[in-house]
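**Q** The structure is given below, and queries will be raised subsequently.
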Amino acid sequence: TWDETFTTLTIEPKGKFKIASFYKLTIADSAQATDGGNLSDGLTVQFATIPLPSVVSVFPAAGSENQFNSNITITFASPMDFDSMKGRIKISPSLPGEPNWYYNAYDKSLYIYGLEPATNYVVRILPGMKDPYGNTIKDEISYTFKNGDYAAYARLALPWTPLIYRAEGAQEFYFEHLNVDEATISVYPITLDEFGKLTSGTIEMPNFNPQVKAVREWKIETGETRNALERELFKFADGNGRPLETGYYFVGVKGKPLQYESAFYQANVFIVATDNVTFKTTSTEGLAWVTDLESGAPQKNVEVTFYNDKFTQIGKTTTDKDGLAYLKNIKAANYVRAEGHGRFGFTALYWGSGVSAGNFGIYQNY
């Protein structure tokens, strides 16, 4: 059929094309336009119909072992009827819980989730699954594979924003690990300059090279338990119960068989402080309120230093009787440090308390 302008031709077959077949459509260059002109070139289009349903591949592959996979993937040659698959894939041992199957029509693959680690599986794909046109898979496929252990994993349960530990409070952290043969956790005191480079990203934390000995260190050797996530609590206090002194610290993890090329597998920085610093700025002002972390009492006569985002000092003043330190005519304060007379505190403009207006659906910007 032609459209009204006689420029678009629609060709419809009298019946269905044959499945798993190849066709060629030819328009000869002898075809003429309404003014009598011929096509400069003809057109030949080759196309194929979908193949008969079959299994093209399986993953994990038959006979594979020693690598953990969370799912089985079965890829078919043609689109499939999802309902026809139910009851026709037998997995032994059976997967725990409710079946979690997903069929992706785009890549013609069935995904079955819930594999357990360190398990030998037998998979039987029974005949009878069919495509949307009623063609069925005639043969059974059976294969085995061994699912390996979970990949080695370790993590200091510390946030990206540096924690501030109270000098007189609990100083502790959790370390979680999975299938790690050995690990070392080390804590190093660092300078303000090093802390600034680490927090600003000038030095990537895992690539930091401490210039002093560790003040705390723990070595972990796991037992025979495999594929179970373990969490351990570590306290920064030494053998005599003395906590870390106020200042800036770096904590890093090394271990085997963890995969990393940096100096440390994971690293964080933290602060031990006597005081909290509430920090507010405008583009030309800085305001800091220094209060004791135990009593909440404002701290007077404490030296307060303001820094920009490059960690360059841009101003210095002293807190008043209310613990307030204010400076004007300073540009873009980003960090503030309170130190002196046995007091110590530090914060950054982008650090938060963990609660923001956005948590309550209130729009905010800087």
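How things are named: the first chain in the structure tokens is A, the next is B, and so on; residues count from 1 in each chain; ligands count from 1 in the order shown.
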Might you pull out every residue within 12 Å of Glu140 (chain A), with only C-alpha atoms counted and same-chain residues fewer than 4 positions away left off, and present them as JSON, numbers by chain?

**A** {"A": [54, 55, 88, 89, 90, 123, 124, 125, 126, 127, 128, 129, 136]}

**Q** Do a neighbour search on Phe22 (chain A) at 10 Å with only C-alpha atoms, toss out local chain neighbours closer than 4 positions, and write the hits as a ChimeraX atom specification.

**A** /A:17-18,46-50

**Q** Determine, counting only C-alpha atoms, which protein, DNA and RNA residues have an atom within 10 Å of an atom of Ala273 (chain A); residues of the same chain fewer than 5 positions away are not included. Present the result as a ChimeraX atom specification.

**A** /A:164-169,244-248,292-293,338-339,343-346

**Q** Do you know which residues are at most 8 Å from region 249-252 of chain A counting only C-alpha atoms, after dropping those on the same chain fewer than 5 positions away, and could you put them as a short mmCIF file (atom, residue, chain, number, x, y, z; two decimals) with all heavy atoms, in the first residue's frame?

**A**
```cif
data_model
loop_
_atom_site.label_atom_id
_atom_site.label_comp_id
_atom_site.auth_asym_id
_atom_site.auth_seq_id
_atom_site.Cartn_x
_atom_site.Cartn_y
_atom_site.Cartn_z
N ILE A 185 45.56 -2.46 61.86
CA ILE A 185 44.97 -1.13 62.00
C ILE A 185 45.96 -0.27 62.79
O ILE A 185 46.35 -0.64 63.89
CB ILE A 185 43.62 -1.18 62.73
CG1 ILE A 185 42.67 -2.15 62.04
CG2 ILE A 185 43.00 0.21 62.82
CD1 ILE A 185 41.40 -2.43 62.82
N SER A 186 46.36 0.86 62.22
CA SER A 186 47.37 1.72 62.84
C SER A 186 46.85 3.14 62.97
O SER A 186 46.18 3.65 62.06
CB SER A 186 48.65 1.72 62.00
OG SER A 186 49.12 0.40 61.75
N VAL A 187 47.17 3.77 64.10
CA VAL A 187 46.77 5.15 64.37
C VAL A 187 48.03 6.00 64.53
O VAL A 187 48.93 5.66 65.30
CB VAL A 187 45.92 5.24 65.66
CG1 VAL A 187 45.55 6.69 65.95
CG2 VAL A 187 44.66 4.39 65.51
N TYR A 188 48.08 7.13 63.78
CA TYR A 188 49.24 8.01 63.79
C TYR A 188 48.80 9.44 64.14
O TYR A 188 47.79 9.92 63.60
CB TYR A 188 49.93 8.05 62.43
CG TYR A 188 50.35 6.72 61.89
CD1 TYR A 188 49.47 5.94 61.14
CD2 TYR A 188 51.64 6.24 62.09
CE1 TYR A 188 49.86 4.71 60.63
CE2 TYR A 188 52.04 5.01 61.57
CZ TYR A 188 51.14 4.25 60.84
OH TYR A 188 51.53 3.03 60.33
N PRO A 189 49.56 10.15 64.98
CA PRO A 189 49.31 11.58 65.15
C PRO A 189 49.80 12.31 63.91
O PRO A 189 50.83 11.93 63.33
CB PRO A 189 50.14 11.94 66.38
CG PRO A 189 51.22 10.92 66.42
CD PRO A 189 50.66 9.66 65.83
N ILE A 190 49.09 13.33 63.49
CA ILE A 190 49.50 14.11 62.31
C ILE A 190 49.47 15.59 62.64
O ILE A 190 48.82 16.02 63.61
CB ILE A 190 48.60 13.82 61.10
CG1 ILE A 190 47.12 14.07 61.43
CG2 ILE A 190 48.80 12.40 60.60
CD1 ILE A 190 46.18 13.89 60.24
N PHE A 195 46.85 17.31 58.24
CA PHE A 195 45.40 17.18 58.36
C PHE A 195 44.71 18.00 57.27
O PHE A 195 43.74 17.54 56.64
CB PHE A 195 44.95 17.63 59.74
CG PHE A 195 43.47 17.52 59.97
CD1 PHE A 195 42.90 16.32 60.34
CD2 PHE A 195 42.64 18.63 59.81
CE1 PHE A 195 41.53 16.21 60.56
CE2 PHE A 195 41.28 18.53 60.02
CZ PHE A 195 40.72 17.32 60.40
N PRO A 206 44.35 7.12 51.28
CA PRO A 206 45.02 5.81 51.24
C PRO A 206 46.49 5.88 50.83
O PRO A 206 47.23 4.94 51.05
CB PRO A 206 44.19 5.04 50.20
CG PRO A 206 42.87 5.73 50.17
CD PRO A 206 43.18 7.16 50.39
N PHE A 264 47.58 2.20 51.94
CA PHE A 264 46.59 1.62 52.85
C PHE A 264 45.37 1.18 52.05
O PHE A 264 45.02 1.78 51.02
CB PHE A 264 46.16 2.62 53.92
CG PHE A 264 47.26 2.98 54.90
CD1 PHE A 264 48.10 4.05 54.65
CD2 PHE A 264 47.44 2.26 56.06
CE1 PHE A 264 49.12 4.39 55.53
CE2 PHE A 264 48.44 2.59 56.96
CZ PHE A 264 49.29 3.66 56.69
N TYR A 265 44.70 0.14 52.54
CA TYR A 265 43.45 -0.31 51.92
C TYR A 265 42.34 0.71 52.17
O TYR A 265 41.55 1.02 51.28
CB TYR A 265 43.07 -1.67 52.50
CG TYR A 265 41.73 -2.19 52.04
CD1 TYR A 265 41.56 -2.66 50.73
CD2 TYR A 265 40.64 -2.23 52.91
CE1 TYR A 265 40.33 -3.15 50.32
CE2 TYR A 265 39.41 -2.72 52.49
CZ TYR A 265 39.26 -3.17 51.19
OH TYR A 265 38.05 -3.65 50.77
N GLN A 266 42.27 1.22 53.39
CA GLN A 266 41.30 2.25 53.76
C GLN A 266 41.94 3.16 54.78
O GLN A 266 42.79 2.74 55.58
CB GLN A 266 40.02 1.64 54.36
CG GLN A 266 38.96 2.68 54.70
CD GLN A 266 37.88 2.15 55.64
OE1 GLN A 266 37.85 0.97 55.94
NE2 GLN A 266 37.03 3.03 56.12
N ALA A 267 41.56 4.43 54.77
CA ALA A 267 42.12 5.39 55.71
C ALA A 267 41.11 6.47 56.04
O ALA A 267 40.24 6.81 55.23
CB ALA A 267 43.39 6.02 55.14
N ASN A 268 41.20 6.99 57.25
CA ASN A 268 40.36 8.09 57.71
C ASN A 268 41.17 9.01 58.61
O ASN A 268 42.24 8.63 59.10
CB ASN A 268 39.15 7.57 58.50
CG ASN A 268 38.16 6.80 57.66
OD1 ASN A 268 38.40 5.66 57.31
ND2 ASN A 268 37.04 7.42 57.33
N VAL A 269 40.66 10.20 58.83
CA VAL A 269 41.25 11.10 59.82
C VAL A 269 40.20 11.41 60.87
O VAL A 269 38.99 11.34 60.61
CB VAL A 269 41.77 12.41 59.18
CG1 VAL A 269 42.96 12.13 58.30
CG2 VAL A 269 40.68 13.11 58.40
N PHE A 270 40.65 11.73 62.07
CA PHE A 270 39.73 12.12 63.14
C PHE A 270 40.44 13.09 64.07
O PHE A 270 41.66 13.32 63.96
CB PHE A 270 39.19 10.90 63.89
CG PHE A 270 40.23 10.10 64.64
CD1 PHE A 270 40.56 10.40 65.96
CD2 PHE A 270 40.87 9.02 64.03
CE1 PHE A 270 41.51 9.66 66.65
CE2 PHE A 270 41.82 8.28 64.71
CZ PHE A 270 42.14 8.60 66.02
N ILE A 271 39.67 13.66 64.97
CA ILE A 271 40.17 14.67 65.90
C ILE A 271 39.78 14.27 67.31
O ILE A 271 38.69 13.73 67.53
CB ILE A 271 39.56 16.06 65.57
CG1 ILE A 271 40.05 16.54 64.20
CG2 ILE A 271 39.90 17.08 66.64
CD1 ILE A 271 39.32 17.78 63.71
N VAL A 272 40.67 14.52 68.26
CA VAL A 272 40.32 14.43 69.68
C VAL A 272 40.30 15.86 70.22
O VAL A 272 41.30 16.58 70.09
CB VAL A 272 41.33 13.56 70.46
CG1 VAL A 272 40.98 13.55 71.95
CG2 VAL A 272 41.33 12.13 69.91
#
```

**Q** So that I can check the surroundings of region 113-117 of chain A, please list as a ChimeraX atom specification every protein, DNA and RNA residue that reaches within 9 Å of it, counting only C-alpha atoms and ignoring chain neighbours fewer than 3 positions away.

**A** /A:67-73,95-97,99-102,120,146-150,227

**Q** Using only N, CA and C atoms, please write the residues we just selected to a file, as a CSV table (one decimal), in the first residue's frame.

**A**
```
chain,number,residue,atom,x,y,z
A,67,GLN,N,35.0,-18.7,42.4
A,67,GLN,CA,34.6,-17.3,42.4
A,67,GLN,C,33.1,-17.2,42.8
A,68,PHE,N,32.9,-16.2,43.7
A,68,PHE,CA,31.5,-16.1,44.2
A,68,PHE,C,30.7,-15.3,43.2
A,69,ASN,N,29.5,-15.8,42.9
A,69,ASN,CA,28.5,-15.1,42.1
A,69,ASN,C,27.2,-15.1,42.9
A,70,SER,N,26.4,-14.0,42.9
A,70,SER,CA,25.2,-13.9,43.6
A,70,SER,C,24.0,-14.5,42.8
A,71,ASN,N,24.2,-14.7,41.5
A,71,ASN,CA,23.0,-15.1,40.7
A,71,ASN,C,23.4,-16.1,39.6
A,72,ILE,N,22.5,-16.8,39.1
A,72,ILE,CA,22.6,-17.6,37.9
A,72,ILE,C,22.0,-16.8,36.8
A,73,THR,N,22.7,-16.8,35.6
A,73,THR,CA,22.1,-16.1,34.4
A,73,THR,C,22.0,-17.1,33.3
A,95,LEU,N,17.6,-22.8,46.7
A,95,LEU,CA,18.0,-21.5,47.2
A,95,LEU,C,17.1,-21.1,48.4
A,96,PRO,N,17.6,-20.5,49.4
A,96,PRO,CA,16.8,-20.1,50.6
A,96,PRO,C,15.8,-19.0,50.3
A,97,GLY,N,14.7,-19.1,51.1
A,97,GLY,CA,13.7,-18.0,51.0
A,97,GLY,C,12.9,-18.1,49.7
A,99,PRO,N,11.7,-17.5,45.9
A,99,PRO,CA,12.4,-17.4,44.6
A,99,PRO,C,12.5,-15.9,44.2
A,100,ASN,N,13.6,-15.5,43.7
A,100,ASN,CA,13.8,-14.2,43.2
A,100,ASN,C,14.3,-14.3,41.8
A,101,TRP,N,13.4,-14.3,40.9
A,101,TRP,CA,13.7,-14.4,39.4
A,101,TRP,C,13.4,-13.1,38.7
A,102,TYR,N,14.2,-12.8,37.7
A,102,TYR,CA,13.9,-11.6,36.9
A,102,TYR,C,14.3,-11.9,35.4
A,120,ASN,N,28.4,-26.2,46.1
A,120,ASN,CA,28.4,-27.0,44.9
A,120,ASN,C,26.9,-27.0,44.4
A,146,LYS,N,30.8,-24.8,41.1
A,146,LYS,CA,31.0,-24.5,42.5
A,146,LYS,C,31.1,-23.0,42.7
A,147,ASN,N,30.2,-22.5,43.6
A,147,ASN,CA,30.3,-21.1,43.9
A,147,ASN,C,31.3,-20.9,45.0
A,148,GLY,N,32.2,-19.9,44.7
A,148,GLY,CA,33.3,-19.7,45.6
A,148,GLY,C,33.0,-18.9,46.9
A,149,ASP,N,33.9,-18.5,47.7
A,149,ASP,CA,33.8,-17.7,48.8
A,149,ASP,C,33.4,-16.2,48.4
A,150,TYR,N,32.9,-15.5,49.4
A,150,TYR,CA,32.7,-14.0,49.2
A,150,TYR,C,34.1,-13.4,49.0
A,227,ASN,N,33.1,-16.6,55.2
A,227,ASN,CA,31.8,-16.1,54.6
A,227,ASN,C,30.8,-15.6,55.7
```

**Q** For CA of Lys219 (chain A) and CA of Gly255 (chain A), determine how far apart the two atoms are, in Å to one decimal place.

**A** 9.4 Å

**Q** Just asking: which residues within region 33-89 of chain A are helix (DSSP H, G or I) according to DSSP, as number ranges by chain?

**A** A: 82-85

**Q** Got time to write the residues from that selection, N, CA, C and O atoms, as a compact mmCIF listing (two decimals), in the first residue's frame?

**A**
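Output below, filename out.txt:
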```
# COMPACT_ATOMS: atom_id res chain seq x y z
N PHE A 82 7.91 -15.73 30.01
CA PHE A 82 8.42 -15.84 31.38
C PHE A 82 7.65 -16.89 32.18
O PHE A 82 8.24 -17.70 32.92
N ASP A 83 6.34 -16.93 32.03
CA ASP A 83 5.53 -17.88 32.80
C ASP A 83 5.89 -19.33 32.47
O ASP A 83 5.77 -20.21 33.33
N SER A 84 6.32 -19.56 31.24
CA SER A 84 6.64 -20.94 30.85
C SER A 84 7.93 -21.44 31.50
O SER A 84 8.22 -22.64 31.48
N MET A 85 8.72 -20.53 32.09
CA MET A 85 9.97 -20.93 32.74
C MET A 85 9.74 -21.49 34.14
O MET A 85 10.55 -22.26 34.64
```

**Q** If we count only C-alpha atoms, what is near Ala333 (chain A) at a cut-off of 12 Å, once residues fewer than 5 positions away on the same chain are taken out, given as a PDB file with C-alpha atoms, in the first residue's frame?

**A**
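See around_14.pdb below for the written result:
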```pdb
ATOM      1  CA  PHE A 279      30.910  27.954  62.958  1.00  0.00           C
ATOM      2  CA  LYS A 280      29.001  30.419  60.762  1.00  0.00           C
ATOM      3  CA  THR A 281      30.246  32.653  57.964  1.00  0.00           C
ATOM      4  CA  THR A 282      29.366  35.146  55.291  1.00  0.00           C
ATOM      5  CA  SER A 283      31.593  35.940  52.345  1.00  0.00           C
ATOM      6  CA  THR A 284      33.456  38.539  54.492  1.00  0.00           C
ATOM      7  CA  GLU A 285      32.841  37.443  58.112  1.00  0.00           C
ATOM      8  CA  GLY A 286      33.563  34.545  60.430  1.00  0.00           C
ATOM      9  CA  LEU A 287      31.860  33.668  63.718  1.00  0.00           C
ATOM     10  CA  ALA A 288      32.915  30.836  66.032  1.00  0.00           C
ATOM     11  CA  THR A 305      42.196  31.023  63.859  1.00  0.00           C
ATOM     12  CA  PHE A 306      40.252  31.178  60.591  1.00  0.00           C
ATOM     13  CA  TYR A 307      41.427  29.501  57.344  1.00  0.00           C
ATOM     14  CA  ASN A 308      40.219  29.590  53.750  1.00  0.00           C
ATOM     15  CA  ASP A 309      39.544  26.524  51.591  1.00  0.00           C
ATOM     16  CA  LYS A 310      43.271  26.287  50.746  1.00  0.00           C
ATOM     17  CA  PHE A 311      44.056  26.031  54.459  1.00  0.00           C
ATOM     18  CA  THR A 312      45.736  29.440  54.394  1.00  0.00           C
ATOM     19  CA  GLN A 313      45.349  31.467  57.579  1.00  0.00           C
ATOM     20  CA  ILE A 314      43.157  34.530  56.954  1.00  0.00           C
ATOM     21  CA  GLY A 315      42.531  35.844  60.472  1.00  0.00           C
ATOM     22  CA  LYS A 316      42.988  35.317  64.192  1.00  0.00           C
ATOM     23  CA  TYR A 326      34.102  37.237  65.498  1.00  0.00           C
ATOM     24  CA  LEU A 327      36.132  38.668  62.621  1.00  0.00           C
ATOM     25  CA  LYS A 328      35.058  40.852  59.722  1.00  0.00           C
ATOM     26  CA  THR A 347      35.610  22.319  62.497  1.00  0.00           C
ATOM     27  CA  ALA A 348      34.893  23.080  58.834  1.00  0.00           C
ATOM     28  CA  LEU A 349      32.077  24.974  57.194  1.00  0.00           C
ATOM     29  CA  TYR A 350      30.928  21.901  55.245  1.00  0.00           C
TER      30      TYR A 350
END
```
